[in-house]
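Peer 1: Below you'll find the structure I mean.
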Amino acid sequence: MPRAVIFAGPSLAAADAAGRIDVERLPPIKRGDLDALLARPERPAAIGIIDGVFLQVPSISPKEVLRAVDAGVTVFGSSSMGALRAAECVRYGVIGVGRIFEEYRSGRIDADDEVAMVYDPVDFSAMSEPMINMRFAIEAALAAGAATPAIADRFLAIAKRLYFPQRTTKAVLQALSAEVAETELARLRQFLATSAPDTKREDALLLLAAMQAHLERA
């Protein structure tokens, strides 16, 4: 049985995790899932929380995360629900990983909807895009000269105004096209289609690497 368990969905494709670490992959975490792991005859040595549910069923609570820590399990968090809970529980021993975790820990962002998205419940394919990914994509576009500060500000303002299930790059660009000429949007549109970072995925891969390093030291 793998010594590590991760809870992952749209932030980390199964193929991305394959071969990186001997890990049991479970669906996005919900309330009760950590307690169920602790009730196993053989507990995992490490648990990585990446994705979790927000609306469908009760979300994992900080208290449940801390029960796992108190039981001697090393808990990592990144990307989405994991970043949220790690920021709340880092002082108690949870290990936060990645840029999104750092944004929550610093207080630069604090809203749950920054990482919220909707996805297919069968294959976990994304059906919307998280606000936090859009923020890092626009930051990268600015650095690459693919957007002006004014257009970047409007893009983020429009995106934040959308309810998270309707939040997609296509929807934001369509709304923005009513204010900005296509000639001005062309570079940003191309950058977002071909070069934008997927920060949730990048942070999830960092979590796998951190878990692997931890298990090798243990």
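Note on naming: chains are A, B, ... as they come in the structure tokens, residues start from 1 per chain, ligands start from 1 in the order shown.
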Tell me, as a ChimeraX atom specification, which residues lie within 9 Å of Ala196 in chain A, counting only C-alpha atoms; anything in the same chain fewer than 6 positions away does not count.
Peer 2: /A:133-134,136-138,140-141
Peer 1: Output the selection as a PDB file, in the first residue's frame - C-alpha atoms for each residue.
Peer 2:
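Result file selection-v2.pdb:
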```
ATOM      1  CA  ASN A 133      -5.005  31.225 -12.118  1.00  0.00           C
ATOM      2  CA  MET A 134      -6.274  34.246 -14.029  1.00  0.00           C
ATOM      3  CA  PHE A 136      -1.079  34.776 -12.320  1.00  0.00           C
ATOM      4  CA  ALA A 137      -1.800  34.534 -16.053  1.00  0.00           C
ATOM      5  CA  ILE A 138      -2.363  38.289 -16.269  1.00  0.00           C
ATOM      6  CA  ALA A 140       2.707  36.832 -16.717  1.00  0.00           C
ATOM      7  CA  ALA A 141       1.056  38.627 -19.641  1.00  0.00           C
TER       8      ALA A 141
END
```
Peer 1: Using DSSP on the backbone coordinates, identify the residues of range 94-195 of chain A assigned to helix (DSSP H, G or I); present them as number ranges by chain.
Peer 2: A: 99-106, 112-114, 131-143, 149-161, 164-166, 169-176, 182-194
Peer 1: Please list as an MDAnalysis selection string every residue within 8 Å of Gly96 in chain A, counting only C-alpha atoms and excluding residues in the same chain fewer than 3 positions away.
Peer 2: chainID A and resid 76:78 82:83 86:87 90 101:102
Peer 1: Emit the selected residues as a compact mmCIF listing (two decimals), in the first residue's frame, including N, CA and C atoms.
Peer 2:
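Heads up, here's the output in again-v8.txt:
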```txt
# COMPACT_ATOMS: atom_id res chain seq x y z
N PHE A 76 0.24 17.96 3.78
CA PHE A 76 0.67 19.00 2.85
C PHE A 76 -0.57 19.60 2.19
N GLY A 77 -0.47 20.87 1.80
CA GLY A 77 -1.58 21.50 1.09
C GLY A 77 -1.08 22.45 0.02
N SER A 78 -1.78 22.45 -1.11
CA SER A 78 -1.40 23.37 -2.19
C SER A 78 -2.59 23.59 -3.11
N GLY A 82 -6.44 22.74 -0.69
CA GLY A 82 -5.23 22.47 0.10
C GLY A 82 -4.50 23.74 0.48
N ALA A 83 -4.45 24.71 -0.42
CA ALA A 83 -3.79 25.98 -0.10
C ALA A 83 -4.56 26.73 0.96
N ALA A 86 -4.07 24.87 4.33
CA ALA A 86 -2.68 24.99 4.78
C ALA A 86 -2.42 26.38 5.35
N ALA A 87 -2.96 27.41 4.70
CA ALA A 87 -2.77 28.77 5.20
C ALA A 87 -3.40 28.95 6.57
N VAL A 90 -1.07 26.33 9.01
CA VAL A 90 0.39 26.21 8.91
C VAL A 90 1.06 26.36 10.26
N PHE A 101 -0.69 29.03 -2.07
CA PHE A 101 -0.59 29.00 -0.60
C PHE A 101 0.03 30.28 -0.07
N GLU A 102 1.10 30.76 -0.69
CA GLU A 102 1.75 31.98 -0.23
C GLU A 102 0.83 33.18 -0.34
```
Peer 1: If we count only C-alpha atoms, what is near Leu142 in chain A at a cut-off of 12 Å, once residues fewer than 6 positions away on the same chain are taken out, given as a list in words?
Peer 2: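 Skipping anything fewer than 6 positions along the chain leaves Arg135, Phe136, Thr148, Pro149, Ala150, Ile151, Ala152, Asp153, Phe155, Arg187, Leu188, Phe191, Leu192 and Ala196 of chain A.
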Peer 1: Residues of the last selection are to be written out with C-alpha atoms, as a short mmCIF file (atom, residue, chain, number, x, y, z; two decimals), in the first residue's frame.
Peer 2:
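Saved file again22.cif follows:
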```cif
data_model
loop_
_atom_site.label_atom_id
_atom_site.label_comp_id
_atom_site.auth_asym_id
_atom_site.auth_seq_id
_atom_site.Cartn_x
_atom_site.Cartn_y
_atom_site.Cartn_z
CA ARG A 135 -4.36 36.56 -11.71
CA PHE A 136 -1.08 34.78 -12.32
CA THR A 148 -1.16 46.95 -20.85
CA PRO A 149 -1.76 47.71 -17.18
CA ALA A 150 -5.15 49.23 -18.03
CA ILE A 151 -6.32 46.17 -19.94
CA ALA A 152 -4.96 43.86 -17.25
CA ASP A 153 -6.87 45.74 -14.54
CA PHE A 155 -9.65 41.88 -17.25
CA ARG A 187 -1.70 39.94 -28.00
CA LEU A 188 -3.40 39.14 -24.71
CA PHE A 191 -0.81 34.82 -24.82
CA LEU A 192 -3.66 33.39 -22.74
CA ALA A 196 -0.37 31.41 -19.73
#
```
Peer 1: Looking at A:Ala4, A:Ala157, A:Leu205, A:Leu37, which one is nearest to Arg67 in chain A, with distances taken over only C-alpha atoms?
Peer 2: A:Leu37
Peer 1: What lies within 8 Å of Phe124 in chain A using only C-alpha atoms, ignoring chain neighbours under 3 positions off, as a list of chain:residue names?
Peer 2: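 Near Phe124 in chain A, the qualifying residues are A:Gly9, A:Pro10, A:Tyr119, A:Asp120, A:Pro121.
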Peer 1: Using N, CA and C atoms, can you write the selected residues to a file as an mmCIF file, in the first residue's frame?
Peer 2:
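Result written to out_5.cif:
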```
data_model
loop_
_atom_site.group_PDB
_atom_site.id
_atom_site.type_symbol
_atom_site.label_atom_id
_atom_site.label_comp_id
_atom_site.auth_asym_id
_atom_site.auth_seq_id
_atom_site.Cartn_x
_atom_site.Cartn_y
_atom_site.Cartn_z
ATOM 1 N N GLY A 9 -8.169 16.621 -8.110
ATOM 2 C CA GLY A 9 -9.177 16.605 -9.155
ATOM 3 C C GLY A 9 -8.700 17.398 -10.350
ATOM 4 N N PRO A 10 -9.342 18.532 -10.638
ATOM 5 C CA PRO A 10 -8.999 19.279 -11.849
ATOM 6 C C PRO A 10 -7.623 19.934 -11.836
ATOM 7 N N TYR A 119 -16.262 21.458 -12.253
ATOM 8 C CA TYR A 119 -15.590 20.451 -13.055
ATOM 9 C C TYR A 119 -16.502 19.249 -13.235
ATOM 10 N N ASP A 120 -16.192 18.451 -14.246
ATOM 11 C CA ASP A 120 -16.950 17.240 -14.503
ATOM 12 C C ASP A 120 -16.712 16.257 -13.354
ATOM 13 N N PRO A 121 -17.774 15.748 -12.735
ATOM 14 C CA PRO A 121 -17.578 14.879 -11.566
ATOM 15 C C PRO A 121 -17.027 13.504 -11.913
#
```
Peer 1: Tell me, as a PyMOL selection string, which residues lie within 10 Å of range 14-25 of chain A, counting only C-alpha atoms; anything in the same chain fewer than 3 positions away does not count.
Peer 2: chain A and resi 1-11+28+44+46-48+123-124+201+204-205+208-209+211-213+215
